[in-house]
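Below is the file protein_4.pdb, which contains PDB, N, CA, C and O atoms.
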ATOM      1  N   MET L  58     -12.353 -14.808  -4.754
ATOM      2  CA  MET L  58     -12.735 -14.223  -6.019
ATOM      3  C   MET L  58     -11.699 -13.194  -6.443
ATOM      4  O   MET L  58     -11.277 -12.364  -5.666
ATOM      5  N   VAL L  59     -11.291 -13.261  -7.685
ATOM      6  CA  VAL L  59     -10.315 -12.324  -8.221
ATOM      7  C   VAL L  59     -11.064 -11.157  -8.847
ATOM      8  O   VAL L  59     -12.003 -11.347  -9.605
ATOM      9  N   THR L  60     -10.666  -9.939  -8.515
ATOM     10  CA  THR L  60     -11.308  -8.770  -9.104
ATOM     11  C   THR L  60     -10.446  -8.220 -10.227
ATOM     12  O   THR L  60      -9.275  -8.580 -10.359
ATOM     13  N   SER L  61     -11.014  -7.336 -11.011
ATOM     14  CA  SER L  61     -10.274  -6.758 -12.124
ATOM     15  C   SER L  61      -9.035  -6.003 -11.649
ATOM     16  O   SER L  61      -8.096  -5.825 -12.389
ATOM     17  N   PHE L  62      -9.028  -5.561 -10.397
ATOM     18  CA  PHE L  62      -7.882  -4.829  -9.880
ATOM     19  C   PHE L  62      -6.690  -5.741  -9.601
ATOM     20  O   PHE L  62      -5.584  -5.269  -9.434
ATOM     21  N   ASP L  63      -6.904  -7.038  -9.553
ATOM     22  CA  ASP L  63      -5.830  -7.988  -9.298
ATOM     23  C   ASP L  63      -5.158  -8.442 -10.581
ATOM     24  O   ASP L  63      -4.186  -9.179 -10.528
ATOM     25  N   ARG L  64      -5.688  -8.025 -11.721
ATOM     26  CA  ARG L  64      -5.176  -8.476 -13.011
ATOM     27  C   ARG L  64      -4.832  -7.275 -13.872
ATOM     28  O   ARG L  64      -5.274  -6.166 -13.615
ATOM     29  N   GLU L  65      -4.061  -7.533 -14.926
ATOM     30  CA  GLU L  65      -3.702  -6.476 -15.857
ATOM     31  C   GLU L  65      -4.380  -6.718 -17.196
ATOM     32  O   GLU L  65      -4.388  -7.835 -17.709
ATOM     33  N   VAL L  66      -4.938  -5.663 -17.762
ATOM     34  CA  VAL L  66      -5.599  -5.753 -19.060
ATOM     35  C   VAL L  66      -4.552  -5.963 -20.146
ATOM     36  O   VAL L  66      -3.567  -5.238 -20.214
ATOM     37  N   GLU L  67      -4.780  -6.982 -20.970
ATOM     38  CA  GLU L  67      -3.917  -7.174 -22.142
ATOM     39  C   GLU L  67      -4.496  -6.399 -23.319
ATOM     40  O   GLU L  67      -3.785  -5.701 -24.023
ATOM     41  N   CYS L  68      -5.812  -6.555 -23.529
ATOM     42  CA  CYS L  68      -6.464  -5.784 -24.586
ATOM     43  C   CYS L  68      -7.970  -5.729 -24.368
ATOM     44  O   CYS L  68      -8.537  -6.522 -23.640
ATOM     45  N   ILE L  69      -8.566  -4.738 -25.022
ATOM     46  CA  ILE L  69     -10.021  -4.582 -25.056
ATOM     47  C   ILE L  69     -10.493  -5.203 -26.361
ATOM     48  O   ILE L  69      -9.973  -4.881 -27.427
ATOM     49  N   MET L  70     -11.455  -6.097 -26.290
ATOM     50  CA  MET L  70     -11.902  -6.831 -27.479
ATOM     51  C   MET L  70     -13.224  -6.308 -28.046
ATOM     52  O   MET L  70     -13.467  -6.426 -29.228
ATOM     53  N   ALA L  71     -14.088  -5.757 -27.188
ATOM     54  CA  ALA L  71     -15.414  -5.314 -27.647
ATOM     55  C   ALA L  71     -16.004  -4.333 -26.635
ATOM     56  O   ALA L  71     -15.543  -4.239 -25.500
ATOM     57  N   LYS L  72     -17.027  -3.622 -27.086
ATOM     58  CA  LYS L  72     -17.742  -2.663 -26.247
ATOM     59  C   LYS L  72     -19.235  -2.899 -26.416
ATOM     60  O   LYS L  72     -19.687  -3.233 -27.517
ATOM     61  N   ARG L  73     -19.988  -2.716 -25.333
ATOM     62  CA  ARG L  73     -21.438  -2.805 -25.441
ATOM     63  C   ARG L  73     -22.079  -1.758 -24.534
ATOM     64  O   ARG L  73     -21.513  -1.372 -23.512
ATOM     65  N   GLU L  74     -23.258  -1.337 -24.947
ATOM     66  CA  GLU L  74     -24.040  -0.393 -24.161
ATOM     67  C   GLU L  74     -25.076  -1.185 -23.376
ATOM     68  O   GLU L  74     -25.739  -2.065 -23.934
ATOM     69  N   VAL L  75     -25.205  -0.889 -22.099
ATOM     70  CA  VAL L  75     -26.167  -1.580 -21.252
ATOM     71  C   VAL L  75     -27.275  -0.590 -20.904
ATOM     72  O   VAL L  75     -27.004   0.483 -20.362
ATOM     73  N   ARG L  76     -28.500  -0.973 -21.247
ATOM     74  CA  ARG L  76     -29.669  -0.148 -20.935
ATOM     75  C   ARG L  76     -30.653  -0.987 -20.140
ATOM     76  O   ARG L  76     -31.008  -2.084 -20.550
ATOM     77  N   ARG L  77     -31.067  -0.456 -19.017
ATOM     78  CA  ARG L  77     -32.072  -1.116 -18.188
ATOM     79  C   ARG L  77     -33.067  -0.069 -17.728
ATOM     80  O   ARG L  77     -32.686   1.060 -17.408
ATOM     81  N   LYS L  78     -34.293  -0.465 -17.665
ATOM     82  CA  LYS L  78     -35.347   0.461 -17.244
ATOM     83  C   LYS L  78     -35.056   0.981 -15.838
ATOM     84  O   LYS L  78     -34.791   0.204 -14.920
ATOM     85  N   GLY L  79     -35.089   2.294 -15.695
ATOM     86  CA  GLY L  79     -34.877   2.907 -14.394
ATOM     87  C   GLY L  79     -33.424   3.059 -13.980
ATOM     88  O   GLY L  79     -33.140   3.531 -12.888
ATOM     89  N   VAL L  80     -32.490   2.659 -14.842
ATOM     90  CA  VAL L  80     -31.066   2.749 -14.530
ATOM     91  C   VAL L  80     -30.387   3.526 -15.658
ATOM     92  O   VAL L  80     -30.655   3.260 -16.825
ATOM     93  N   PRO L  81     -29.526   4.489 -15.327
ATOM     94  CA  PRO L  81     -28.829   5.208 -16.392
ATOM     95  C   PRO L  81     -28.000   4.245 -17.254
ATOM     96  O   PRO L  81     -27.422   3.287 -16.734
ATOM     97  N   ARG L  82     -27.964   4.512 -18.547
ATOM     98  CA  ARG L  82     -27.187   3.638 -19.440
ATOM     99  C   ARG L  82     -25.706   3.734 -19.100
ATOM    100  O   ARG L  82     -25.247   4.754 -18.581
ATOM    101  N   TYR L  83     -24.991   2.665 -19.372
ATOM    102  CA  TYR L  83     -23.541   2.647 -19.164
ATOM    103  C   TYR L  83     -22.916   1.714 -20.178
ATOM    104  O   TYR L  83     -23.590   0.972 -20.875
ATOM    105  N   PHE L  84     -21.585   1.782 -20.273
ATOM    106  CA  PHE L  84     -20.855   0.961 -21.227
ATOM    107  C   PHE L  84     -20.009  -0.069 -20.494
ATOM    108  O   PHE L  84     -19.511   0.173 -19.400
ATOM    109  N   GLU L  85     -19.873  -1.214 -21.144
ATOM    110  CA  GLU L  85     -18.982  -2.272 -20.658
ATOM    111  C   GLU L  85     -18.022  -2.640 -21.785
ATOM    112  O   GLU L  85     -18.354  -2.506 -22.961
ATOM    113  N   TYR L  86     -16.853  -3.087 -21.388
ATOM    114  CA  TYR L  86     -15.832  -3.530 -22.342
ATOM    115  C   TYR L  86     -15.476  -4.973 -22.061
ATOM    116  O   TYR L  86     -15.346  -5.365 -20.902
ATOM    117  N   PHE L  87     -15.318  -5.746 -23.156
ATOM    118  CA  PHE L  87     -14.881  -7.127 -22.992
ATOM    119  C   PHE L  87     -13.359  -7.115 -22.930
ATOM    120  O   PHE L  87     -12.680  -6.676 -23.860
ATOM    121  N   VAL L  88     -12.830  -7.573 -21.810
ATOM    122  CA  VAL L  88     -11.405  -7.484 -21.515
ATOM    123  C   VAL L  88     -10.735  -8.852 -21.604
ATOM    124  O   VAL L  88     -11.235  -9.837 -21.056
ATOM    125  N   LYS L  89      -9.602  -8.894 -22.308
ATOM    126  CA  LYS L  89      -8.731 -10.069 -22.276
ATOM    127  C   LYS L  89      -7.651  -9.739 -21.264
ATOM    128  O   LYS L  89      -6.976  -8.715 -21.369
ATOM    129  N   TRP L  90      -7.521 -10.587 -20.262
ATOM    130  CA  TRP L  90      -6.565 -10.356 -19.183
ATOM    131  C   TRP L  90      -5.203 -10.935 -19.542
ATOM    132  O   TRP L  90      -5.101 -12.027 -20.110
ATOM    133  N   LYS L  91      -4.158 -10.219 -19.186
ATOM    134  CA  LYS L  91      -2.783 -10.643 -19.452
ATOM    135  C   LYS L  91      -2.504 -11.975 -18.753
ATOM    136  O   LYS L  91      -2.816 -12.145 -17.578
ATOM    137  N   GLY L  92      -1.951 -12.912 -19.517
ATOM    138  CA  GLY L  92      -1.585 -14.211 -18.961
ATOM    139  C   GLY L  92      -2.720 -15.222 -18.913
ATOM    140  O   GLY L  92      -2.515 -16.353 -18.484
ATOM    141  N   LEU L  93      -3.920 -14.834 -19.332
ATOM    142  CA  LEU L  93      -5.063 -15.750 -19.323
ATOM    143  C   LEU L  93      -5.589 -15.922 -20.754
ATOM    144  O   LEU L  93      -5.461 -15.006 -21.569
ATOM    145  N   PRO L  94      -6.187 -17.066 -21.051
ATOM    146  CA  PRO L  94      -6.743 -17.257 -22.396
ATOM    147  C   PRO L  94      -7.955 -16.348 -22.618
ATOM    148  O   PRO L  94      -8.585 -15.876 -21.661
ATOM    149  N   GLU L  95      -8.271 -16.113 -23.882
ATOM    150  CA  GLU L  95      -9.406 -15.268 -24.236
ATOM    151  C   GLU L  95     -10.700 -15.766 -23.603
ATOM    152  O   GLU L  95     -11.568 -14.985 -23.230
ATOM    153  N   SER L  96     -10.812 -17.079 -23.453
ATOM    154  CA  SER L  96     -12.020 -17.662 -22.859
ATOM    155  C   SER L  96     -12.216 -17.234 -21.398
ATOM    156  O   SER L  96     -13.303 -17.356 -20.853
ATOM    157  N   GLU L  97     -11.178 -16.711 -20.756
ATOM    158  CA  GLU L  97     -11.265 -16.239 -19.379
ATOM    159  C   GLU L  97     -11.553 -14.738 -19.308
ATOM    160  O   GLU L  97     -11.614 -14.160 -18.225
ATOM    161  N   GLY L  98     -11.734 -14.106 -20.466
ATOM    162  CA  GLY L  98     -12.059 -12.682 -20.497
ATOM    163  C   GLY L  98     -13.461 -12.445 -19.962
ATOM    164  O   GLY L  98     -14.257 -13.372 -19.824
ATOM    165  N   ASN L  99     -13.769 -11.191 -19.644
ATOM    166  CA  ASN L  99     -15.106 -10.886 -19.150
ATOM    167  C   ASN L  99     -15.468  -9.434 -19.416
ATOM    168  O   ASN L  99     -14.621  -8.617 -19.749
ATOM    169  N   TRP L 100     -16.753  -9.125 -19.254
ATOM    170  CA  TRP L 100     -17.266  -7.774 -19.431
ATOM    171  C   TRP L 100     -17.033  -6.995 -18.147
ATOM    172  O   TRP L 100     -17.356  -7.465 -17.063
ATOM    173  N   GLU L 101     -16.461  -5.798 -18.290
ATOM    174  CA  GLU L 101     -16.212  -4.924 -17.148
ATOM    175  C   GLU L 101     -16.826  -3.563 -17.424
ATOM    176  O   GLU L 101     -16.739  -3.048 -18.543
ATOM    177  N   LYS L 102     -17.413  -2.951 -16.399
ATOM    178  CA  LYS L 102     -17.933  -1.596 -16.541
ATOM    179  C   LYS L 102     -16.781  -0.639 -16.804
ATOM    180  O   LYS L 102     -15.680  -0.798 -16.258
ATOM    181  N   GLU L 103     -17.067   0.380 -17.612
ATOM    182  CA  GLU L 103     -16.059   1.376 -17.955
ATOM    183  C   GLU L 103     -15.428   1.977 -16.698
ATOM    184  O   GLU L 103     -14.207   2.140 -16.625
ATOM    185  N   GLU L 104     -16.243   2.275 -15.698
ATOM    186  CA  GLU L 104     -15.730   2.903 -14.482
ATOM    187  C   GLU L 104     -14.770   2.001 -13.709
ATOM    188  O   GLU L 104     -13.901   2.484 -12.986
ATOM    189  N   SER L 105     -14.880   0.694 -13.876
ATOM    190  CA  SER L 105     -13.980  -0.243 -13.203
ATOM    191  C   SER L 105     -12.604  -0.291 -13.857
ATOM    192  O   SER L 105     -11.654  -0.781 -13.250
ATOM    193  N   LEU L 106     -12.520   0.207 -15.072
ATOM    194  CA  LEU L 106     -11.267   0.146 -15.827
ATOM    195  C   LEU L 106     -10.548   1.492 -15.833
ATOM    196  O   LEU L 106      -9.786   1.794 -16.744
ATOM    197  N   TRP L 107     -10.750   2.296 -14.819
ATOM    198  CA  TRP L 107     -10.164   3.644 -14.770
ATOM    199  C   TRP L 107      -8.651   3.630 -14.928
ATOM    200  O   TRP L 107      -8.077   4.553 -15.485
ATOM    201  N   LYS L 108      -7.974   2.582 -14.464
ATOM    202  CA  LYS L 108      -6.515   2.494 -14.598
ATOM    203  C   LYS L 108      -6.080   2.282 -16.045
ATOM    204  O   LYS L 108      -4.922   2.492 -16.373
ATOM    205  N   TYR L 109      -7.007   1.859 -16.895
ATOM    206  CA  TYR L 109      -6.675   1.489 -18.270
ATOM    207  C   TYR L 109      -7.325   2.420 -19.279
ATOM    208  O   TYR L 109      -7.654   2.038 -20.381
ATOM    209  N   LYS L 110      -7.486   3.678 -18.895
ATOM    210  CA  LYS L 110      -8.121   4.676 -19.761
ATOM    211  C   LYS L 110      -7.405   4.768 -21.112
ATOM    212  O   LYS L 110      -8.036   4.948 -22.146
ATOM    213  N   ASP L 111      -6.069   4.624 -21.111
ATOM    214  CA  ASP L 111      -5.305   4.699 -22.359
ATOM    215  C   ASP L 111      -5.685   3.578 -23.323
ATOM    216  O   ASP L 111      -5.795   3.796 -24.535
ATOM    217  N   ILE L 112      -5.953   2.395 -22.805
ATOM    218  CA  ILE L 112      -6.346   1.273 -23.658
ATOM    219  C   ILE L 112      -7.741   1.504 -24.224
ATOM    220  O   ILE L 112      -7.998   1.244 -25.399
ATOM    221  N   ILE L 113      -8.640   2.013 -23.399
ATOM    222  CA  ILE L 113     -10.001   2.311 -23.857
ATOM    223  C   ILE L 113      -9.967   3.375 -24.950
ATOM    224  O   ILE L 113     -10.617   3.237 -25.986
ATOM    225  N   GLU L 114      -9.168   4.433 -24.742
ATOM    226  CA  GLU L 114      -9.055   5.491 -25.742
ATOM    227  C   GLU L 114      -8.493   4.954 -27.053
ATOM    228  O   GLU L 114      -8.961   5.321 -28.133
ATOM    229  N   ALA L 115      -7.493   4.079 -26.976
ATOM    230  CA  ALA L 115      -6.925   3.481 -28.188
ATOM    231  C   ALA L 115      -7.963   2.615 -28.894
ATOM    232  O   ALA L 115      -8.075   2.639 -30.123
ATOM    233  N   PHE L 116      -8.736   1.868 -28.132
ATOM    234  CA  PHE L 116      -9.790   1.026 -28.693
ATOM    235  C   PHE L 116     -10.806   1.881 -29.441
ATOM    236  O   PHE L 116     -11.184   1.578 -30.570
ATOM    237  N   GLU L 117     -11.234   2.979 -28.837
ATOM    238  CA  GLU L 117     -12.201   3.886 -29.462
ATOM    239  C   GLU L 117     -11.604   4.538 -30.713
ATOM    240  O   GLU L 117     -12.260   4.647 -31.740
ATOM    241  N   ARG L 118     -10.369   4.961 -30.631
ATOM    242  CA  ARG L 118      -9.685   5.633 -31.738
ATOM    243  C   ARG L 118      -9.498   4.706 -32.935
ATOM    244  O   ARG L 118      -9.579   5.133 -34.076
ATOM    245  N   GLU L 119      -9.249   3.443 -32.667
ATOM    246  CA  GLU L 119      -8.978   2.478 -33.736
ATOM    247  C   GLU L 119     -10.253   1.880 -34.317
ATOM    248  O   GLU L 119     -10.206   0.887 -35.027
ATOM    249  N   GLY L 120     -11.386   2.480 -34.005
ATOM    250  CA  GLY L 120     -12.641   2.026 -34.589
ATOM    251  C   GLY L 120     -13.133   0.703 -34.044
ATOM    252  O   GLY L 120     -13.625  -0.139 -34.770
ATOM    253  N   SER L 121     -12.974   0.507 -32.758
ATOM    254  CA  SER L 121     -13.478  -0.687 -32.074
ATOM    255  C   SER L 121     -12.825  -1.984 -32.552
ATOM    256  O   SER L 121     -13.456  -3.012 -32.671
ATOM    257  N   THR L 122     -11.535  -1.908 -32.792
ATOM    258  CA  THR L 122     -10.763  -3.140 -33.010
ATOM    259  C   THR L 122      -9.961  -3.360 -31.742
ATOM    260  O   THR L 122      -9.728  -2.414 -30.978
ATOM    261  N   ALA L 123      -9.545  -4.570 -31.491
ATOM    262  CA  ALA L 123      -8.844  -4.869 -30.241
ATOM    263  C   ALA L 123      -7.655  -3.928 -30.050
ATOM    264  O   ALA L 123      -6.871  -3.711 -30.967
ATOM    265  N   ALA L 124      -7.540  -3.358 -28.875
ATOM    266  CA  ALA L 124      -6.453  -2.442 -28.546
ATOM    267  C   ALA L 124      -5.673  -3.004 -27.365
ATOM    268  O   ALA L 124      -6.250  -3.491 -26.416
ATOM    269  N   THR L 125      -4.357  -2.904 -27.448
ATOM    270  CA  THR L 125      -3.503  -3.437 -26.379
ATOM    271  C   THR L 125      -2.736  -2.294 -25.718
ATOM    272  O   THR L 125      -2.537  -1.238 -26.285
ATOM    273  N   ARG L 126      -2.293  -2.559 -24.523
ATOM    274  CA  ARG L 126      -1.483  -1.574 -23.794
ATOM    275  C   ARG L 126      -0.024  -1.832 -24.122
ATOM    276  O   ARG L 126       0.434  -2.967 -24.142
ATOM    277  N   THR L 127       0.714  -0.767 -24.367
ATOM    278  CA  THR L 127       2.143  -0.905 -24.586
ATOM    279  C   THR L 127       2.836  -0.571 -23.287
ATOM    280  O   THR L 127       2.590   0.486 -22.698
ATOM    281  N   SER L 128       3.680  -1.476 -22.831
ATOM    282  CA  SER L 128       4.372  -1.284 -21.562
ATOM    283  C   SER L 128       5.731  -0.642 -21.807
ATOM    284  O   SER L 128       6.458  -1.069 -22.707
ATOM    285  N   PRO L 129       6.086   0.368 -21.027
ATOM    286  CA  PRO L 129       7.440   0.933 -21.152
ATOM    287  C   PRO L 129       8.453  -0.082 -20.664
ATOM    288  O   PRO L 129       8.263  -0.707 -19.628
ATOM    289  N   ASP L 130       9.515  -0.264 -21.403
ATOM    290  CA  ASP L 130      10.564  -1.227 -21.011
ATOM    291  C   ASP L 130      11.683  -0.598 -20.254
ATOM    292  O   ASP L 130      12.052   0.467 -20.351
TER     293      ASP L 130
END

With the file now loaded, output its structure as C-alpha cells.
Amino acid sequence: MVTSFDREVECIMAKREVRRKGVPRYFEYFVKWKGLPESEGNWEKEESLWKYKDIIEAFEREGSTAATRTSPD
C-alpha cells in the first residue's frame, strides 16, 4: 500500500469538513498526486499533509480553487 508520504502533492482540488458523533470535527483535502491522473486522487486528513502546508494555505487564500506547489528550480 502506498501512503501519502510516498507521493508528492501536485495540487489540492477540494476541502470538506468531516463531522461524526463523538469525534471532534476535522478537515480533509482532495489531493491530486504528481504523476498520477486526477482519478487516482484521494481525500487526506489535514494533519497527514503537514509537509504541504504551503499548498493548503494557497488553496485557502485563493478561495478554494485548485492550488499547486511551485518547485524551486

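Considering the residues L:Trp90, L:Arg73, L:Val80, L:Phe116 and counting only C-alpha atoms, L:Lys102 has its shortest atom-to-atom contact with L:Arg73.
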
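A straight line drawn from atom C of L:Glu104 to atom O of L:Phe84 is 7.6 Å long.
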
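Going from atom N of L:Glu119 over to atom C of L:Arg77, you cover 28.3 Å.
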
Kindly compute an axis-aligned box around the listed atoms of stretch 115-119 of chain L, allowing 6 Å on each side, and express its centre and edge lengths in Å to one decimal as lines of an AutoDock Vina configuration file.
center_x = -9.6
center_y = 3.3
center_z = -31.0
size_x = 17.3
size_y = 16.7
size_z = 20.1

Every residue of stretch 74-104 of chain L that DSSP places in strand (DSSP E), as a PyMOL selection string: chain L and resi 74-77+80-90+99-102

Between atom O of L:Met70 and atom CA of L:Arg118 - distance in Å to one decimal: 12.9 Å

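Here, the PyMOL selection byres ((chain L and resi 86) around 7) matches Ile69, Met70, Ala71, Lys72, Arg73, Phe84, Glu85, Phe87, Val88, Lys89, Asn99, Trp100, Glu101, Lys102 and Glu103 of chain L.
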
Return stretch 85-96 of chain L, completed with all heavy atoms, as an mmCIF file, in the coordinates of the input.
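File produced: selection.cif:
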data_model
loop_
_atom_site.group_PDB
_atom_site.id
_atom_site.type_symbol
_atom_site.label_atom_id
_atom_site.label_comp_id
_atom_site.auth_asym_id
_atom_site.auth_seq_id
_atom_site.Cartn_x
_atom_site.Cartn_y
_atom_site.Cartn_z
ATOM 1 N N GLU L 85 -19.873 -1.214 -21.144
ATOM 2 C CA GLU L 85 -18.982 -2.272 -20.658
ATOM 3 C C GLU L 85 -18.022 -2.640 -21.785
ATOM 4 O O GLU L 85 -18.354 -2.506 -22.961
ATOM 5 C CB GLU L 85 -19.769 -3.519 -20.271
ATOM 6 C CG GLU L 85 -20.641 -3.336 -19.050
ATOM 7 C CD GLU L 85 -21.373 -4.603 -18.662
ATOM 8 O OE1 GLU L 85 -21.624 -5.465 -19.534
ATOM 9 O OE2 GLU L 85 -21.711 -4.729 -17.490
ATOM 10 N N TYR L 86 -16.853 -3.087 -21.388
ATOM 11 C CA TYR L 86 -15.832 -3.530 -22.342
ATOM 12 C C TYR L 86 -15.476 -4.973 -22.061
ATOM 13 O O TYR L 86 -15.346 -5.365 -20.902
ATOM 14 C CB TYR L 86 -14.578 -2.656 -22.222
ATOM 15 C CG TYR L 86 -14.824 -1.229 -22.649
ATOM 16 C CD1 TYR L 86 -15.247 -0.268 -21.737
ATOM 17 C CD2 TYR L 86 -14.655 -0.843 -23.977
ATOM 18 C CE1 TYR L 86 -15.489 1.036 -22.126
ATOM 19 C CE2 TYR L 86 -14.893 0.457 -24.378
ATOM 20 C CZ TYR L 86 -15.304 1.391 -23.454
ATOM 21 O OH TYR L 86 -15.548 2.679 -23.846
ATOM 22 N N PHE L 87 -15.318 -5.746 -23.156
ATOM 23 C CA PHE L 87 -14.881 -7.127 -22.992
ATOM 24 C C PHE L 87 -13.359 -7.115 -22.930
ATOM 25 O O PHE L 87 -12.680 -6.676 -23.860
ATOM 26 C CB PHE L 87 -15.358 -8.018 -24.139
ATOM 27 C CG PHE L 87 -15.094 -9.465 -23.862
ATOM 28 C CD1 PHE L 87 -15.929 -10.189 -23.025
ATOM 29 C CD2 PHE L 87 -13.995 -10.105 -24.403
ATOM 30 C CE1 PHE L 87 -15.681 -11.524 -22.740
ATOM 31 C CE2 PHE L 87 -13.741 -11.437 -24.128
ATOM 32 C CZ PHE L 87 -14.582 -12.150 -23.296
ATOM 33 N N VAL L 88 -12.830 -7.573 -21.810
ATOM 34 C CA VAL L 88 -11.405 -7.484 -21.515
ATOM 35 C C VAL L 88 -10.735 -8.852 -21.604
ATOM 36 O O VAL L 88 -11.235 -9.837 -21.056
ATOM 37 C CB VAL L 88 -11.202 -6.921 -20.086
ATOM 38 C CG1 VAL L 88 -9.747 -6.910 -19.695
ATOM 39 C CG2 VAL L 88 -11.815 -5.539 -19.977
ATOM 40 N N LYS L 89 -9.602 -8.894 -22.308
ATOM 41 C CA LYS L 89 -8.731 -10.069 -22.276
ATOM 42 C C LYS L 89 -7.651 -9.739 -21.264
ATOM 43 O O LYS L 89 -6.976 -8.715 -21.369
ATOM 44 C CB LYS L 89 -8.099 -10.371 -23.625
ATOM 45 C CG LYS L 89 -7.209 -11.608 -23.518
ATOM 46 C CD LYS L 89 -6.477 -11.935 -24.774
ATOM 47 C CE LYS L 89 -5.629 -13.161 -24.630
ATOM 48 N NZ LYS L 89 -4.732 -13.217 -23.491
ATOM 49 N N TRP L 90 -7.521 -10.587 -20.262
ATOM 50 C CA TRP L 90 -6.565 -10.356 -19.183
ATOM 51 C C TRP L 90 -5.203 -10.935 -19.542
ATOM 52 O O TRP L 90 -5.101 -12.027 -20.110
ATOM 53 C CB TRP L 90 -7.068 -10.973 -17.885
ATOM 54 C CG TRP L 90 -8.381 -10.404 -17.463
ATOM 55 C CD1 TRP L 90 -9.605 -11.013 -17.558
ATOM 56 C CD2 TRP L 90 -8.621 -9.116 -16.916
ATOM 57 N NE1 TRP L 90 -10.592 -10.182 -17.093
ATOM 58 C CE2 TRP L 90 -10.010 -8.993 -16.697
ATOM 59 C CE3 TRP L 90 -7.805 -8.030 -16.595
ATOM 60 C CZ2 TRP L 90 -10.589 -7.857 -16.157
ATOM 61 C CZ3 TRP L 90 -8.392 -6.894 -16.051
ATOM 62 C CH2 TRP L 90 -9.749 -6.829 -15.844
ATOM 63 N N LYS L 91 -4.158 -10.219 -19.186
ATOM 64 C CA LYS L 91 -2.783 -10.643 -19.452
ATOM 65 C C LYS L 91 -2.504 -11.975 -18.753
ATOM 66 O O LYS L 91 -2.816 -12.145 -17.578
ATOM 67 C CB LYS L 91 -1.807 -9.576 -18.958
ATOM 68 C CG LYS L 91 -0.386 -9.810 -19.392
ATOM 69 C CD LYS L 91 0.479 -8.662 -18.974
ATOM 70 C CE LYS L 91 1.119 -8.119 -20.225
ATOM 71 N NZ LYS L 91 1.848 -6.889 -20.018
ATOM 72 N N GLY L 92 -1.951 -12.912 -19.517
ATOM 73 C CA GLY L 92 -1.585 -14.211 -18.961
ATOM 74 C C GLY L 92 -2.720 -15.222 -18.913
ATOM 75 O O GLY L 92 -2.515 -16.353 -18.484
ATOM 76 N N LEU L 93 -3.920 -14.834 -19.332
ATOM 77 C CA LEU L 93 -5.063 -15.750 -19.323
ATOM 78 C C LEU L 93 -5.589 -15.922 -20.754
ATOM 79 O O LEU L 93 -5.461 -15.006 -21.569
ATOM 80 C CB LEU L 93 -6.189 -15.202 -18.440
ATOM 81 C CG LEU L 93 -5.886 -15.085 -16.951
ATOM 82 C CD1 LEU L 93 -7.034 -14.397 -16.225
ATOM 83 C CD2 LEU L 93 -5.638 -16.453 -16.347
ATOM 84 N N PRO L 94 -6.187 -17.066 -21.051
ATOM 85 C CA PRO L 94 -6.743 -17.257 -22.396
ATOM 86 C C PRO L 94 -7.955 -16.348 -22.618
ATOM 87 O O PRO L 94 -8.585 -15.876 -21.661
ATOM 88 C CB PRO L 94 -7.160 -18.729 -22.397
ATOM 89 C CG PRO L 94 -7.296 -19.114 -20.975
ATOM 90 C CD PRO L 94 -6.365 -18.235 -20.188
ATOM 91 N N GLU L 95 -8.271 -16.113 -23.882
ATOM 92 C CA GLU L 95 -9.406 -15.268 -24.236
ATOM 93 C C GLU L 95 -10.700 -15.766 -23.603
ATOM 94 O O GLU L 95 -11.568 -14.985 -23.230
ATOM 95 C CB GLU L 95 -9.544 -15.198 -25.752
ATOM 96 C CG GLU L 95 -10.528 -14.175 -26.236
ATOM 97 C CD GLU L 95 -10.553 -14.044 -27.741
ATOM 98 O OE1 GLU L 95 -9.490 -14.136 -28.379
ATOM 99 O OE2 GLU L 95 -11.652 -13.862 -28.273
ATOM 100 N N SER L 96 -10.812 -17.079 -23.453
ATOM 101 C CA SER L 96 -12.020 -17.662 -22.859
ATOM 102 C C SER L 96 -12.216 -17.234 -21.398
ATOM 103 O O SER L 96 -13.303 -17.356 -20.853
ATOM 104 C CB SER L 96 -11.971 -19.190 -22.944
ATOM 105 O OG SER L 96 -10.863 -19.692 -22.209
#
